[in-house]
>>> print(open('query.cif').read())   # mmCIF, C-alpha atoms and all ligand atoms
data_start
loop_
_atom_site.group_PDB
_atom_site.id
_atom_site.type_symbol
_atom_site.label_atom_id
_atom_site.label_comp_id
_atom_site.auth_asym_id
_atom_site.auth_seq_id
_atom_site.Cartn_x
_atom_site.Cartn_y
_atom_site.Cartn_z
ATOM 1 C CA MET S 20 -77.211 38.723 129.920
ATOM 2 C CA GLY S 21 -77.541 37.817 133.569
ATOM 3 C CA HIS S 22 -74.845 40.147 134.928
ATOM 4 C CA GLU S 23 -77.117 41.383 137.751
ATOM 5 C CA PRO S 24 -76.510 39.448 140.968
ATOM 6 C CA VAL S 25 -79.289 36.929 141.442
ATOM 7 C CA ARG S 26 -81.124 37.641 144.705
ATOM 8 C CA THR S 27 -82.316 34.556 146.490
ATOM 9 C CA GLN S 28 -84.251 34.258 149.731
ATOM 10 C CA ALA S 29 -81.247 32.559 151.307
ATOM 11 C CA GLY S 30 -78.992 35.382 150.052
ATOM 12 C CA ASP S 31 -81.331 38.050 151.414
ATOM 13 C CA ALA S 32 -81.557 36.270 154.767
ATOM 14 C CA ALA S 33 -77.755 36.025 154.975
ATOM 15 C CA ALA S 34 -77.391 39.748 154.137
ATOM 16 C CA GLU S 35 -79.992 40.653 156.762
ATOM 17 C CA GLU S 36 -78.247 38.538 159.363
ATOM 18 C CA ARG S 37 -74.915 40.200 158.539
ATOM 19 C CA SER S 38 -76.507 43.658 158.882
ATOM 20 C CA ARG S 39 -78.148 42.696 162.160
ATOM 21 C CA LYS S 40 -74.847 41.489 163.615
ATOM 22 C CA ILE S 41 -73.007 44.663 162.592
ATOM 23 C CA ARG S 42 -75.804 46.872 163.961
ATOM 24 C CA GLU S 43 -75.881 45.022 167.276
ATOM 25 C CA ARG S 44 -72.090 45.158 167.660
ATOM 26 C CA ILE S 45 -72.090 48.913 167.010
ATOM 27 C CA ARG S 46 -75.121 49.485 169.229
ATOM 28 C CA GLY S 47 -73.457 47.634 172.106
ATOM 29 C CA ALA S 48 -70.285 49.731 171.747
ATOM 30 C CA PHE S 49 -72.270 53.000 171.808
ATOM 31 C CA ASP S 50 -74.450 51.777 174.706
ATOM 32 C CA ARG S 51 -71.315 51.108 176.771
ATOM 33 C CA GLY S 52 -69.456 54.162 175.499
ATOM 34 C CA ALA S 53 -72.218 56.770 175.920
ATOM 35 C CA SER S 54 -70.737 58.503 178.973
ATOM 36 C CA ASP S 55 -67.217 58.713 177.435
ATOM 37 C CA TYR S 56 -68.779 60.081 174.246
ATOM 38 C CA ASP S 57 -70.688 62.737 176.170
ATOM 39 C CA ARG S 58 -67.561 63.723 178.097
ATOM 40 C CA PHE S 59 -65.574 64.008 174.860
ATOM 41 C CA GLU S 60 -68.248 66.166 173.217
ATOM 42 C CA GLY S 61 -68.650 68.273 176.367
ATOM 43 C CA THR S 62 -64.976 69.281 176.318
ATOM 44 C CA THR S 63 -64.438 69.519 172.537
ATOM 45 C CA GLU S 64 -67.797 70.296 170.817
ATOM 46 C CA PHE S 65 -66.323 68.181 168.026
ATOM 47 C CA PHE S 66 -69.572 66.897 166.528
ATOM 48 C CA ALA S 67 -71.500 70.141 167.068
ATOM 49 C CA GLY S 68 -68.707 71.948 165.161
ATOM 50 C CA LEU S 69 -68.870 69.347 162.398
ATOM 51 C CA LEU S 70 -72.615 69.914 162.107
ATOM 52 C CA ASP S 71 -72.076 73.673 161.672
ATOM 53 C CA GLU S 72 -69.711 72.976 158.740
ATOM 54 C CA LEU S 73 -72.160 70.465 157.292
ATOM 55 C CA ILE S 74 -75.322 72.545 157.318
ATOM 56 C CA SER S 75 -73.479 75.517 155.826
ATOM 57 C CA LEU S 76 -73.419 73.482 152.566
ATOM 58 C CA GLY S 77 -77.186 73.709 152.020
ATOM 59 C CA PRO S 78 -80.162 76.066 152.317
ATOM 60 C CA SER S 79 -81.138 77.598 155.663
ATOM 61 C CA LEU S 80 -82.909 75.225 158.033
ATOM 62 C CA ALA S 81 -84.713 77.974 159.967
ATOM 63 C CA GLY S 82 -88.383 77.035 160.376
ATOM 64 C CA ARG S 83 -87.785 73.623 158.731
ATOM 65 C CA ARG S 84 -88.685 70.081 159.761
ATOM 66 C CA VAL S 85 -85.476 68.157 160.262
ATOM 67 C CA LEU S 86 -84.687 64.504 161.014
ATOM 68 C CA ASP S 87 -81.316 63.736 162.664
ATOM 69 C CA VAL S 88 -80.412 60.090 161.921
ATOM 70 C CA GLY S 89 -78.036 58.691 164.560
ATOM 71 C CA CYS S 90 -78.618 61.686 166.835
ATOM 72 C CA GLY S 91 -76.543 60.086 169.618
ATOM 73 C CA THR S 92 -76.330 62.096 172.831
ATOM 74 C CA GLY S 93 -77.957 65.052 171.078
ATOM 75 C CA ALA S 94 -74.936 67.237 170.282
ATOM 76 C CA SER S 95 -76.142 67.875 166.754
ATOM 77 C CA LEU S 96 -79.825 67.670 167.684
ATOM 78 C CA ALA S 97 -79.448 70.498 170.235
ATOM 79 C CA ARG S 98 -77.800 72.671 167.557
ATOM 80 C CA LEU S 99 -80.499 71.704 165.051
ATOM 81 C CA SER S 100 -83.292 72.543 167.512
ATOM 82 C CA GLN S 101 -81.830 76.041 167.900
ATOM 83 C CA THR S 102 -81.377 76.387 164.147
ATOM 84 C CA VAL S 103 -84.930 75.373 163.165
ATOM 85 C CA GLY S 104 -86.362 77.608 165.903
ATOM 86 C CA GLU S 105 -89.887 77.680 167.296
ATOM 87 C CA ASN S 106 -91.566 77.314 163.918
ATOM 88 C CA GLY S 107 -89.573 74.259 162.948
ATOM 89 C CA LEU S 108 -89.198 70.719 164.261
ATOM 90 C CA ALA S 109 -86.083 68.679 165.050
ATOM 91 C CA VAL S 110 -86.520 64.925 165.540
ATOM 92 C CA GLY S 111 -83.748 62.454 166.381
ATOM 93 C CA ILE S 112 -83.482 58.694 165.955
ATOM 94 C CA ASP S 113 -80.740 56.369 167.132
ATOM 95 C CA VAL S 114 -80.237 52.659 167.694
ATOM 96 C CA SER S 115 -78.591 53.095 171.128
ATOM 97 C CA LEU S 116 -80.868 53.678 174.115
ATOM 98 C CA SER S 117 -77.976 54.874 176.312
ATOM 99 C CA MET S 118 -77.116 57.557 173.759
ATOM 100 C CA LEU S 119 -80.798 58.560 173.476
ATOM 101 C CA ARG S 120 -81.191 58.854 177.269
ATOM 102 C CA ARG S 121 -78.365 61.384 177.266
ATOM 103 C CA ALA S 122 -79.977 63.243 174.364
ATOM 104 C CA THR S 123 -83.185 63.537 176.391
ATOM 105 C CA ALA S 124 -81.230 64.725 179.433
ATOM 106 C CA ARG S 125 -79.416 67.323 177.286
ATOM 107 C CA LEU S 126 -82.502 68.618 175.484
ATOM 108 C CA GLY S 127 -85.127 68.258 178.206
ATOM 109 C CA ALA S 128 -88.625 66.846 178.335
ATOM 110 C CA GLY S 129 -90.603 67.112 175.121
ATOM 111 C CA THR S 130 -87.564 66.209 173.014
ATOM 112 C CA CYS S 131 -88.590 64.258 169.929
ATOM 113 C CA VAL S 132 -86.313 61.214 169.929
ATOM 114 C CA ALA S 133 -86.994 57.566 169.219
ATOM 115 C CA GLN S 134 -85.071 54.328 169.065
ATOM 116 C CA MET S 135 -84.995 53.255 165.404
ATOM 117 C CA ASP S 136 -82.589 51.534 163.062
ATOM 118 C CA GLY S 137 -80.932 54.071 160.775
ATOM 119 C CA CYS S 138 -81.261 51.691 157.808
ATOM 120 C CA HIS S 139 -85.010 51.074 158.135
ATOM 121 C CA PHE S 140 -87.067 54.031 159.332
ATOM 122 C CA ALA S 141 -89.227 54.938 156.314
ATOM 123 C CA ASN S 142 -92.389 53.613 157.939
ATOM 124 C CA GLY S 143 -91.639 55.210 161.304
ATOM 125 C CA PHE S 144 -93.126 58.629 160.491
ATOM 126 C CA ARG S 145 -96.515 59.987 159.482
ATOM 127 C CA THR S 146 -94.998 63.278 158.441
ATOM 128 C CA SER S 147 -92.400 64.309 155.882
ATOM 129 C CA PHE S 148 -89.212 66.316 156.468
ATOM 130 C CA ASP S 149 -87.443 69.192 154.738
ATOM 131 C CA ALA S 150 -84.029 67.836 155.652
ATOM 132 C CA VAL S 151 -82.407 64.635 156.879
ATOM 133 C CA ILE S 152 -79.022 64.893 158.596
ATOM 134 C CA TYR S 153 -76.371 62.211 159.085
ATOM 135 C CA ASN S 154 -73.697 63.805 161.250
ATOM 136 C CA ALA S 155 -70.943 61.169 161.521
ATOM 137 C CA VAL S 156 -73.355 58.260 161.060
ATOM 138 C CA LEU S 157 -73.801 56.938 157.518
ATOM 139 C CA PHE S 158 -70.318 55.389 157.322
ATOM 140 C CA LEU S 159 -71.257 53.244 160.362
ATOM 141 C CA LEU S 160 -74.388 51.745 158.842
ATOM 142 C CA PRO S 161 -74.362 48.228 157.397
ATOM 143 C CA ASP S 162 -76.722 49.182 154.537
ATOM 144 C CA ALA S 163 -76.126 52.753 153.343
ATOM 145 C CA GLU S 164 -78.329 52.215 150.287
ATOM 146 C CA ALA S 165 -81.369 51.153 152.361
ATOM 147 C CA SER S 166 -80.797 54.113 154.654
ATOM 148 C CA LEU S 167 -80.649 56.621 151.784
ATOM 149 C CA ALA S 168 -83.785 55.063 150.270
ATOM 150 C CA ALA S 169 -85.536 55.543 153.636
ATOM 151 C CA THR S 170 -84.317 59.137 153.733
ATOM 152 C CA ARG S 171 -85.680 59.810 150.263
ATOM 153 C CA ALA S 172 -89.004 58.312 151.299
ATOM 154 C CA VAL S 173 -89.423 60.598 154.324
ATOM 155 C CA LEU S 174 -88.229 63.741 152.495
ATOM 156 C CA ARG S 175 -90.446 66.231 150.734
ATOM 157 C CA ALA S 176 -89.923 66.433 146.966
ATOM 158 C CA ASP S 177 -87.727 69.549 147.410
ATOM 159 C CA GLY S 178 -86.018 68.313 150.606
ATOM 160 C CA HIS S 179 -82.286 67.911 151.211
ATOM 161 C CA VAL S 180 -80.018 65.288 152.708
ATOM 162 C CA TYR S 181 -76.875 66.411 154.557
ATOM 163 C CA LEU S 182 -74.134 63.946 155.431
ATOM 164 C CA ALA S 183 -70.735 64.072 157.101
ATOM 165 C CA ASN S 184 -68.873 60.861 156.325
ATOM 166 C CA LEU S 185 -65.612 59.893 158.001
ATOM 167 C CA GLU S 186 -63.288 58.523 155.330
ATOM 168 C CA GLY S 187 -60.370 57.654 157.532
ATOM 169 C CA VAL S 188 -57.649 58.777 159.869
ATOM 170 C CA PHE S 189 -54.116 59.210 158.596
ATOM 171 C CA TRP S 190 -50.836 58.812 160.394
ATOM 172 C CA ASP S 191 -49.185 60.792 157.644
ATOM 173 C CA PRO S 192 -50.607 61.800 154.258
ATOM 174 C CA ASP S 193 -49.750 58.425 152.667
ATOM 175 C CA LEU S 194 -50.453 56.100 155.557
ATOM 176 C CA ALA S 195 -53.886 55.429 157.034
ATOM 177 C CA VAL S 196 -53.905 54.333 160.694
ATOM 178 C CA PRO S 197 -55.480 50.909 159.888
ATOM 179 C CA GLU S 198 -52.651 50.285 157.426
ATOM 180 C CA LEU S 199 -50.096 51.301 160.051
ATOM 181 C CA LEU S 200 -51.714 48.854 162.505
ATOM 182 C CA ALA S 201 -51.753 46.059 159.901
ATOM 183 C CA ARG S 202 -48.031 46.627 159.219
ATOM 184 C CA ARG S 203 -47.459 46.040 162.932
ATOM 185 C CA GLY S 204 -49.254 42.712 162.716
ATOM 186 C CA LEU S 205 -52.458 43.967 164.327
ATOM 187 C CA PRO S 206 -55.850 42.882 162.862
ATOM 188 C CA ALA S 207 -56.947 46.252 161.505
ATOM 189 C CA GLY S 208 -60.471 46.941 160.238
ATOM 190 C CA ARG S 209 -61.874 49.023 157.397
ATOM 191 C CA HIS S 210 -62.723 52.082 159.515
ATOM 192 C CA ALA S 211 -65.668 53.198 157.344
ATOM 193 C CA LEU S 212 -68.246 50.535 156.441
ATOM 194 C CA ALA S 213 -69.582 52.877 153.773
ATOM 195 C CA PRO S 214 -66.829 55.175 152.450
ATOM 196 C CA TRP S 215 -67.667 58.098 150.162
ATOM 197 C CA PRO S 216 -67.336 56.268 146.786
ATOM 198 C CA VAL S 217 -69.968 53.764 147.978
ATOM 199 C CA VAL S 218 -72.192 56.453 149.489
ATOM 200 C CA SER S 219 -71.838 58.636 146.395
ATOM 201 C CA ALA S 220 -72.985 55.811 144.089
ATOM 202 C CA HIS S 221 -76.083 55.159 146.229
ATOM 203 C CA LEU S 222 -76.791 58.866 146.663
ATOM 204 C CA GLY S 223 -77.001 59.261 142.876
ATOM 205 C CA LYS S 224 -79.924 56.796 142.780
ATOM 206 C CA PHE S 225 -82.163 59.022 144.902
ATOM 207 C CA PHE S 226 -80.716 62.543 144.877
ATOM 208 C CA ALA S 227 -79.502 65.261 142.525
ATOM 209 C CA PRO S 228 -75.716 65.772 142.233
ATOM 210 C CA PRO S 229 -74.471 66.900 145.664
ATOM 211 C CA ALA S 230 -72.435 69.858 146.828
ATOM 212 C CA VAL S 231 -69.327 68.229 148.297
ATOM 213 C CA ARG S 232 -66.563 69.500 150.548
ATOM 214 C CA ARG S 233 -63.569 67.590 151.861
ATOM 215 C CA LEU S 234 -62.639 68.550 155.394
ATOM 216 C CA ARG S 235 -59.308 67.713 157.015
ATOM 217 C CA VAL S 236 -59.268 67.749 160.804
ATOM 218 C CA GLN S 237 -55.952 67.799 162.660
ATOM 219 C CA LEU S 238 -55.952 65.636 165.774
ATOM 220 C CA THR S 239 -53.339 66.518 168.364
ATOM 221 C CA PRO S 240 -51.998 63.451 170.212
ATOM 222 C CA GLU S 241 -54.382 64.202 173.118
ATOM 223 C CA ARG S 242 -57.368 64.645 170.784
ATOM 224 C CA PHE S 243 -56.401 61.472 168.876
ATOM 225 C CA VAL S 244 -56.476 59.454 172.125
ATOM 226 C CA ALA S 245 -59.644 61.203 173.359
ATOM 227 C CA PHE S 246 -61.411 60.313 170.085
ATOM 228 C CA TYR S 247 -60.075 56.850 169.265
ATOM 229 C CA GLY S 248 -59.663 55.781 172.872
ATOM 230 C CA GLN S 249 -63.459 55.527 173.102
ATOM 231 C CA GLU S 250 -64.906 52.054 172.697
ATOM 232 C CA PRO S 251 -67.094 52.677 169.608
ATOM 233 C CA MET S 252 -64.518 54.856 167.833
ATOM 234 C CA SER S 253 -61.714 52.326 168.251
ATOM 235 C CA ALA S 254 -63.918 49.470 166.993
ATOM 236 C CA GLY S 255 -63.474 50.505 163.361
ATOM 237 C CA LEU S 256 -59.688 50.466 163.732
ATOM 238 C CA LEU S 257 -59.311 47.114 165.533
ATOM 239 C CA PRO S 258 -62.682 45.331 165.399
ATOM 240 C CA THR S 259 -61.451 41.959 166.686
ATOM 241 C CA VAL S 260 -59.340 43.236 169.584
ATOM 242 C CA PRO S 261 -61.264 43.475 172.901
ATOM 243 C CA TYR S 262 -61.914 47.005 174.115
ATOM 244 C CA PRO S 263 -59.559 47.749 176.974
ATOM 245 C CA GLU S 264 -56.726 46.383 174.856
ATOM 246 C CA ARG S 265 -57.739 48.548 171.873
ATOM 247 C CA ARG S 266 -57.527 51.596 174.093
ATOM 248 C CA ARG S 267 -53.970 50.678 175.100
ATOM 249 C CA VAL S 268 -52.953 50.419 171.422
ATOM 250 C CA VAL S 269 -54.478 53.858 170.747
ATOM 251 C CA GLU S 270 -52.712 55.336 173.795
ATOM 252 C CA GLY S 271 -49.423 53.905 172.506
ATOM 253 C CA LEU S 272 -49.992 55.574 169.135
ATOM 254 C CA GLY S 273 -50.821 58.839 170.909
ATOM 255 C CA GLU S 274 -47.531 58.680 172.829
ATOM 256 C CA GLU S 275 -45.678 58.068 169.580
ATOM 257 C CA LEU S 276 -47.327 61.077 167.926
ATOM 258 C CA ALA S 277 -46.429 63.215 170.959
ATOM 259 C CA ARG S 278 -42.776 62.064 170.901
ATOM 260 C CA GLU S 279 -42.566 62.971 167.211
ATOM 261 C CA GLY S 280 -44.348 66.292 167.815
ATOM 262 C CA ARG S 281 -46.954 65.454 165.163
ATOM 263 C CA CYS S 282 -50.725 65.309 164.648
ATOM 264 C CA ALA S 283 -52.867 62.650 162.992
ATOM 265 C CA GLU S 284 -55.385 63.815 160.410
ATOM 266 C CA GLN S 285 -58.984 62.794 159.810
ATOM 267 C CA VAL S 286 -60.538 63.161 156.384
ATOM 268 C CA TRP S 287 -64.276 63.847 156.258
ATOM 269 C CA VAL S 288 -66.503 64.228 153.226
ATOM 270 C CA LEU S 289 -69.369 66.656 153.758
ATOM 271 C CA ALA S 290 -72.177 66.501 151.217
ATOM 272 C CA CYS S 291 -75.594 68.065 150.677
ATOM 273 C CA ALA S 292 -77.988 66.920 147.947
ATOM 274 C CA ARG S 293 -81.521 67.813 146.918
ATOM 275 C CA ALA S 294 -84.074 65.038 146.497
ATOM 276 C CA GLY S 295 -84.012 63.809 142.896
ATOM 277 C CA GLN S 296 -86.626 62.437 140.540
ATOM 278 C CA ASN S 297 -85.636 58.835 141.189
ATOM 279 C CA GLY S 298 -86.701 56.521 143.971
ATOM 280 C CA GLY S 299 -88.793 57.140 147.055
ATOM 281 C CA GLY S 300 -91.386 59.101 145.084
ATOM 282 C CA ALA S 301 -94.174 56.639 145.720
ATOM 283 C CA ALA S 302 -93.544 56.591 149.452
ATOM 284 C CA THR S 303 -93.411 60.377 149.570
ATOM 285 C CA ALA S 304 -96.653 60.685 147.630
ATOM 286 C CA ARG S 305 -98.310 58.116 149.924
ATOM 287 C CA ARG S 306 -97.308 60.102 152.982
ATOM 288 C CA GLY S 307 -98.479 63.401 151.446
ATOM 289 C CA GLU S 308 -96.370 66.493 151.066
ATOM 290 C CA GLY S 309 -98.482 68.725 153.260
ATOM 291 C CA GLY S 310 -95.928 68.893 156.123
HETATM 292 C C1 LIG I 1 -70.413 59.167 165.952
HETATM 293 S S1 LIG I 1 -71.996 59.107 166.695
HETATM 294 C C2 LIG I 1 -72.717 60.619 166.061
HETATM 295 C C3 LIG I 1 -73.829 61.103 166.966
HETATM 296 C C4 LIG I 1 -74.473 62.431 166.622
HETATM 297 N N1 LIG I 1 -74.876 62.536 165.241
HETATM 298 C C5 LIG I 1 -73.629 63.596 167.018
HETATM 299 O O1 LIG I 1 -73.469 64.486 166.213
HETATM 300 O O2 LIG I 1 -73.136 63.616 168.148
HETATM 301 C C6 LIG I 1 -72.808 57.850 165.764
HETATM 302 C C7 LIG I 1 -74.212 57.542 166.242
HETATM 303 O O3 LIG I 1 -74.819 56.651 165.299
HETATM 304 C C8 LIG I 1 -75.604 55.726 166.008
HETATM 305 N N2 LIG I 1 -75.815 54.519 165.194
HETATM 306 C C9 LIG I 1 -74.910 53.589 164.841
HETATM 307 N N3 LIG I 1 -75.489 52.632 164.114
HETATM 308 C C10 LIG I 1 -76.799 52.973 163.997
HETATM 309 C C11 LIG I 1 -77.924 52.376 163.363
HETATM 310 N N4 LIG I 1 -77.829 51.226 162.683
HETATM 311 N N5 LIG I 1 -79.109 53.003 163.459
HETATM 312 C C12 LIG I 1 -79.245 54.175 164.127
HETATM 313 N N6 LIG I 1 -78.217 54.777 164.766
HETATM 314 C C13 LIG I 1 -77.008 54.186 164.685
HETATM 315 C C14 LIG I 1 -74.799 55.445 167.267
HETATM 316 O O4 LIG I 1 -75.582 54.867 168.297
HETATM 317 C C15 LIG I 1 -74.274 56.841 167.601
HETATM 318 O O5 LIG I 1 -75.134 57.525 168.452
#
>>> encode(input="query.cif", output="structure tokens")
Amino acid sequence: MGHEPVRTQAGDAAAEERSRKIRERIRGAFDRGASDYDRFEGTTEFFAGLLDELISLGPSLAGRRVLDVGCGTGASLARLSQTVGENGLAVGIDVSLSMLRRATARLGAGTCVAQMDGCHFANGFRTSFDAVIYNAVLFLLPDAEASLAATRAVLRADGHVYLANLEGVFWDPDLAVPELLARRGLPAGRHALAPWPVVSAHLGKFFAPPAVRRLRVQLTPERFVAFYGQEPMSAGLLPTVPYPERRRVVEGLGEELAREGRCAEQVWVLACARAGQNGGGAATARRGEGG
């Protein structure tokens, strides 16, 4: 009885324009923040460690063909290249050229990386993959559903998707940092564009029920500032505040945590799902499953 939203050309164009603006804002922040990101990862191995937790949820990737969506400076891609070994293949895509340049520098010549939008990459490959990885990426994308549809289309029928989604950062168990900022009159953002309930609903359209693990990561005051002091990471907390000012707010919060002798806590959802019967089948068949 007409409960489905009516899609119009004007509506589609407006949605596309919204997605484009979000993507460009995020791309700009990662382009400018690439060296800080690399420095952070170099001293903490934060994202490489997250990847280890993530891939432990699914079958072994040794010898497999793996696509790393939002590969960034290559922290997870380097780990994946080692994991798949000589008989496998690890390919990375990212929207930020500055991040990709660092991935190439980290992994060396012959690295398979390309600049592509993480929401629309289904037609970018002439091969299919055994696994698609989103290590700290899907929650940043303006259209998680389109991205998961693209993933299903490039996956083999028995392939797996792995995703680590940041749900939020908490000042204490009952108070998320954006809420704390809003209470102080600061224009706080949503942190995750696509939180787990949204991702989970879309995942169910293309994949079998996932294995899910919630991971809580303690951030010492120093680690909190090192993470959220970066331009792209702070954008989700205070999207309308210009960058150097955002960093000062984060540093202030870090000092407060240190004075109180406390840590902040991030909540991540890690999930791994096998390709399901629904969706993407036609694209997969078109591409061929031969590997
Ligand atoms: C938090 S970093 C994670 C990087 C990497 N997975 C790692 O483990 O280090 C998020 C990455 O997603 C990328 N990204 C953000 N929006 C994107 C989009 N629309 N398409 C492709 N990549 C995107 C950013 O450029 C950045 O490199």
>>> closest_atom_pairs(input="query.cif", of="chain S", to="ligand LIG 1 (chain I)", cutoff="8 Å", atoms="all atoms listed in the file", output="tab-separated table")
residue	atom	partner	partner_atom	distance
S:Arg42	CA	I:LIG1	N4	5.0
S:Glu43	CA	I:LIG1	N4	8.0
S:Ile45	CA	I:LIG1	N3	5.8
S:Arg46	CA	I:LIG1	O4	5.5
S:Phe49	CA	I:LIG1	O4	5.2
S:Asp50	CA	I:LIG1	O4	7.2
S:Glu60	CA	I:LIG1	O2	7.5
S:Phe66	CA	I:LIG1	O1	4.6
S:Ala67	CA	I:LIG1	O1	6.0
S:Leu69	CA	I:LIG1	O1	7.7
S:Leu70	CA	I:LIG1	O1	6.9
S:Asp87	CA	I:LIG1	N1	7.0
S:Val88	CA	I:LIG1	N6	6.4
S:Gly89	CA	I:LIG1	O3	3.9
S:Cys90	CA	I:LIG1	N1	4.2
S:Gly91	CA	I:LIG1	O5	3.1
S:Thr92	CA	I:LIG1	O2	5.9
S:Gly93	CA	I:LIG1	O2	5.8
S:Ala94	CA	I:LIG1	O2	4.6
S:Ser95	CA	I:LIG1	O1	4.4
S:Leu96	CA	I:LIG1	O1	7.3
S:Ile112	CA	I:LIG1	C12	6.5
S:Asp113	CA	I:LIG1	N6	3.8
S:Val114	CA	I:LIG1	C12	4.0
S:Ser115	CA	I:LIG1	O4	4.5
S:Leu116	CA	I:LIG1	O4	8.0
S:Met118	CA	I:LIG1	O5	5.7
S:Leu119	CA	I:LIG1	O5	7.6
S:Gln134	CA	I:LIG1	C12	7.6
S:Met135	CA	I:LIG1	C12	6.0
S:Asp136	CA	I:LIG1	N5	3.8
S:Gly137	CA	I:LIG1	N5	3.4
S:Cys138	CA	I:LIG1	N4	6.0
S:Tyr153	CA	I:LIG1	N1	6.3
S:Asn154	CA	I:LIG1	N1	4.4
S:Ala155	CA	I:LIG1	C1	4.9
S:Val156	CA	I:LIG1	C6	4.8
S:Leu157	CA	I:LIG1	O3	7.9
S:Leu159	CA	I:LIG1	N3	5.7
S:Leu160	CA	I:LIG1	N4	5.2
S:Pro161	CA	I:LIG1	N4	7.0
S:Met252	CA	I:LIG1	C1	7.5
>>> write_last_selection(input="query.cif", atoms="C-alpha atoms", output="PDB file, keeping the file's coordinate frame")
ATOM      1  CA  ARG S  42     -75.804  46.872 163.961  1.00  0.00           C
ATOM      2  CA  GLU S  43     -75.881  45.022 167.276  1.00  0.00           C
ATOM      3  CA  ILE S  45     -72.090  48.913 167.010  1.00  0.00           C
ATOM      4  CA  ARG S  46     -75.121  49.485 169.229  1.00  0.00           C
ATOM      5  CA  PHE S  49     -72.270  53.000 171.808  1.00  0.00           C
ATOM      6  CA  ASP S  50     -74.450  51.777 174.706  1.00  0.00           C
ATOM      7  CA  GLU S  60     -68.248  66.166 173.217  1.00  0.00           C
ATOM      8  CA  PHE S  66     -69.572  66.897 166.528  1.00  0.00           C
ATOM      9  CA  ALA S  67     -71.500  70.141 167.068  1.00  0.00           C
ATOM     10  CA  LEU S  69     -68.870  69.347 162.398  1.00  0.00           C
ATOM     11  CA  LEU S  70     -72.615  69.914 162.107  1.00  0.00           C
ATOM     12  CA  ASP S  87     -81.316  63.736 162.664  1.00  0.00           C
ATOM     13  CA  VAL S  88     -80.412  60.090 161.921  1.00  0.00           C
ATOM     14  CA  GLY S  89     -78.036  58.691 164.560  1.00  0.00           C
ATOM     15  CA  CYS S  90     -78.618  61.686 166.835  1.00  0.00           C
ATOM     16  CA  GLY S  91     -76.543  60.086 169.618  1.00  0.00           C
ATOM     17  CA  THR S  92     -76.330  62.096 172.831  1.00  0.00           C
ATOM     18  CA  GLY S  93     -77.957  65.052 171.078  1.00  0.00           C
ATOM     19  CA  ALA S  94     -74.936  67.237 170.282  1.00  0.00           C
ATOM     20  CA  SER S  95     -76.142  67.875 166.754  1.00  0.00           C
ATOM     21  CA  LEU S  96     -79.825  67.670 167.684  1.00  0.00           C
ATOM     22  CA  ILE S 112     -83.482  58.694 165.955  1.00  0.00           C
ATOM     23  CA  ASP S 113     -80.740  56.369 167.132  1.00  0.00           C
ATOM     24  CA  VAL S 114     -80.237  52.659 167.694  1.00  0.00           C
ATOM     25  CA  SER S 115     -78.591  53.095 171.128  1.00  0.00           C
ATOM     26  CA  LEU S 116     -80.868  53.678 174.115  1.00  0.00           C
ATOM     27  CA  MET S 118     -77.116  57.557 173.759  1.00  0.00           C
ATOM     28  CA  LEU S 119     -80.798  58.560 173.476  1.00  0.00           C
ATOM     29  CA  GLN S 134     -85.071  54.328 169.065  1.00  0.00           C
ATOM     30  CA  MET S 135     -84.995  53.255 165.404  1.00  0.00           C
ATOM     31  CA  ASP S 136     -82.589  51.534 163.062  1.00  0.00           C
ATOM     32  CA  GLY S 137     -80.932  54.071 160.775  1.00  0.00           C
ATOM     33  CA  CYS S 138     -81.261  51.691 157.808  1.00  0.00           C
ATOM     34  CA  TYR S 153     -76.371  62.211 159.085  1.00  0.00           C
ATOM     35  CA  ASN S 154     -73.697  63.805 161.250  1.00  0.00           C
ATOM     36  CA  ALA S 155     -70.943  61.169 161.521  1.00  0.00           C
ATOM     37  CA  VAL S 156     -73.355  58.260 161.060  1.00  0.00           C
ATOM     38  CA  LEU S 157     -73.801  56.938 157.518  1.00  0.00           C
ATOM     39  CA  LEU S 159     -71.257  53.244 160.362  1.00  0.00           C
ATOM     40  CA  LEU S 160     -74.388  51.745 158.842  1.00  0.00           C
ATOM     41  CA  PRO S 161     -74.362  48.228 157.397  1.00  0.00           C
ATOM     42  CA  MET S 252     -64.518  54.856 167.833  1.00  0.00           C
TER      43      MET S 252
END
>>> closest_residue(input="query.cif", among="S:Asn106, S:Glu284, S:His139, S:Thr259", to="Pro192 (chain S)", atoms="only C-alpha atoms")
S:Glu284
>>> atom_distance(input="query.cif", atom1="CA of Arg293 (chain S)", atom2="CA of Gly178 (chain S)")
5.8 Å
>>> atom_distance(input="query.cif", atom1="CA of Trp215 (chain S)", atom2="CA of Leu108 (chain S)")
28.7 Å
>>> resolve_selection(input="query.cif", expression="the PyMOL selection byres (((chain S and resi 217) around 12) and not hetatm)", output="PyMOL selection string")
chain S and resi 157-158+160-164+167+184+186+211-216+218-224
>>> atom_distance(input="query.cif", atom1="CA of Phe59 (chain S)", atom2="CA of Tyr247 (chain S)")
10.6 Å
>>> closest_residue(input="query.cif", among="S:Gly61, S:Pro78, S:Gly208, S:Pro261", to="Ala245 (chain S)", atoms="only C-alpha atoms")
S:Gly61
>>> axis_aligned_box(input="query.cif", around="region 194-212 of chain S", padding_each_side="6 Å", output="AutoDock Vina command-line options")
--center_x -57.9 --center_y 49.4 --center_z 159.9 --size_x 32.8 --size_y 25.4 --size_z 20.8
>>> resolve_selection(input="query.cif", expression="the PyMOL selection byres (((chain S and resi 288) around 9) and not hetatm)", output="NGL selection string")
:S and (182-186 or 215 or 231-235 or 286-287 or 289-290)
>>> resolve_selection(input="query.cif", expression="the PyMOL selection byres (((chain S and resi 99) around 12) and not hetatm)", output="PyMOL selection string")
chain S and resi 67-68+70-71+73-74+79-87+90+93-98+100-105+107-111+126+130+150-154
>>> closest_residue(input="query.cif", among="S:Cys131, S:Ile41, S:Leu200, S:Val244", to="Cys282 (chain S)", atoms="all atoms listed in the file")
S:Val244
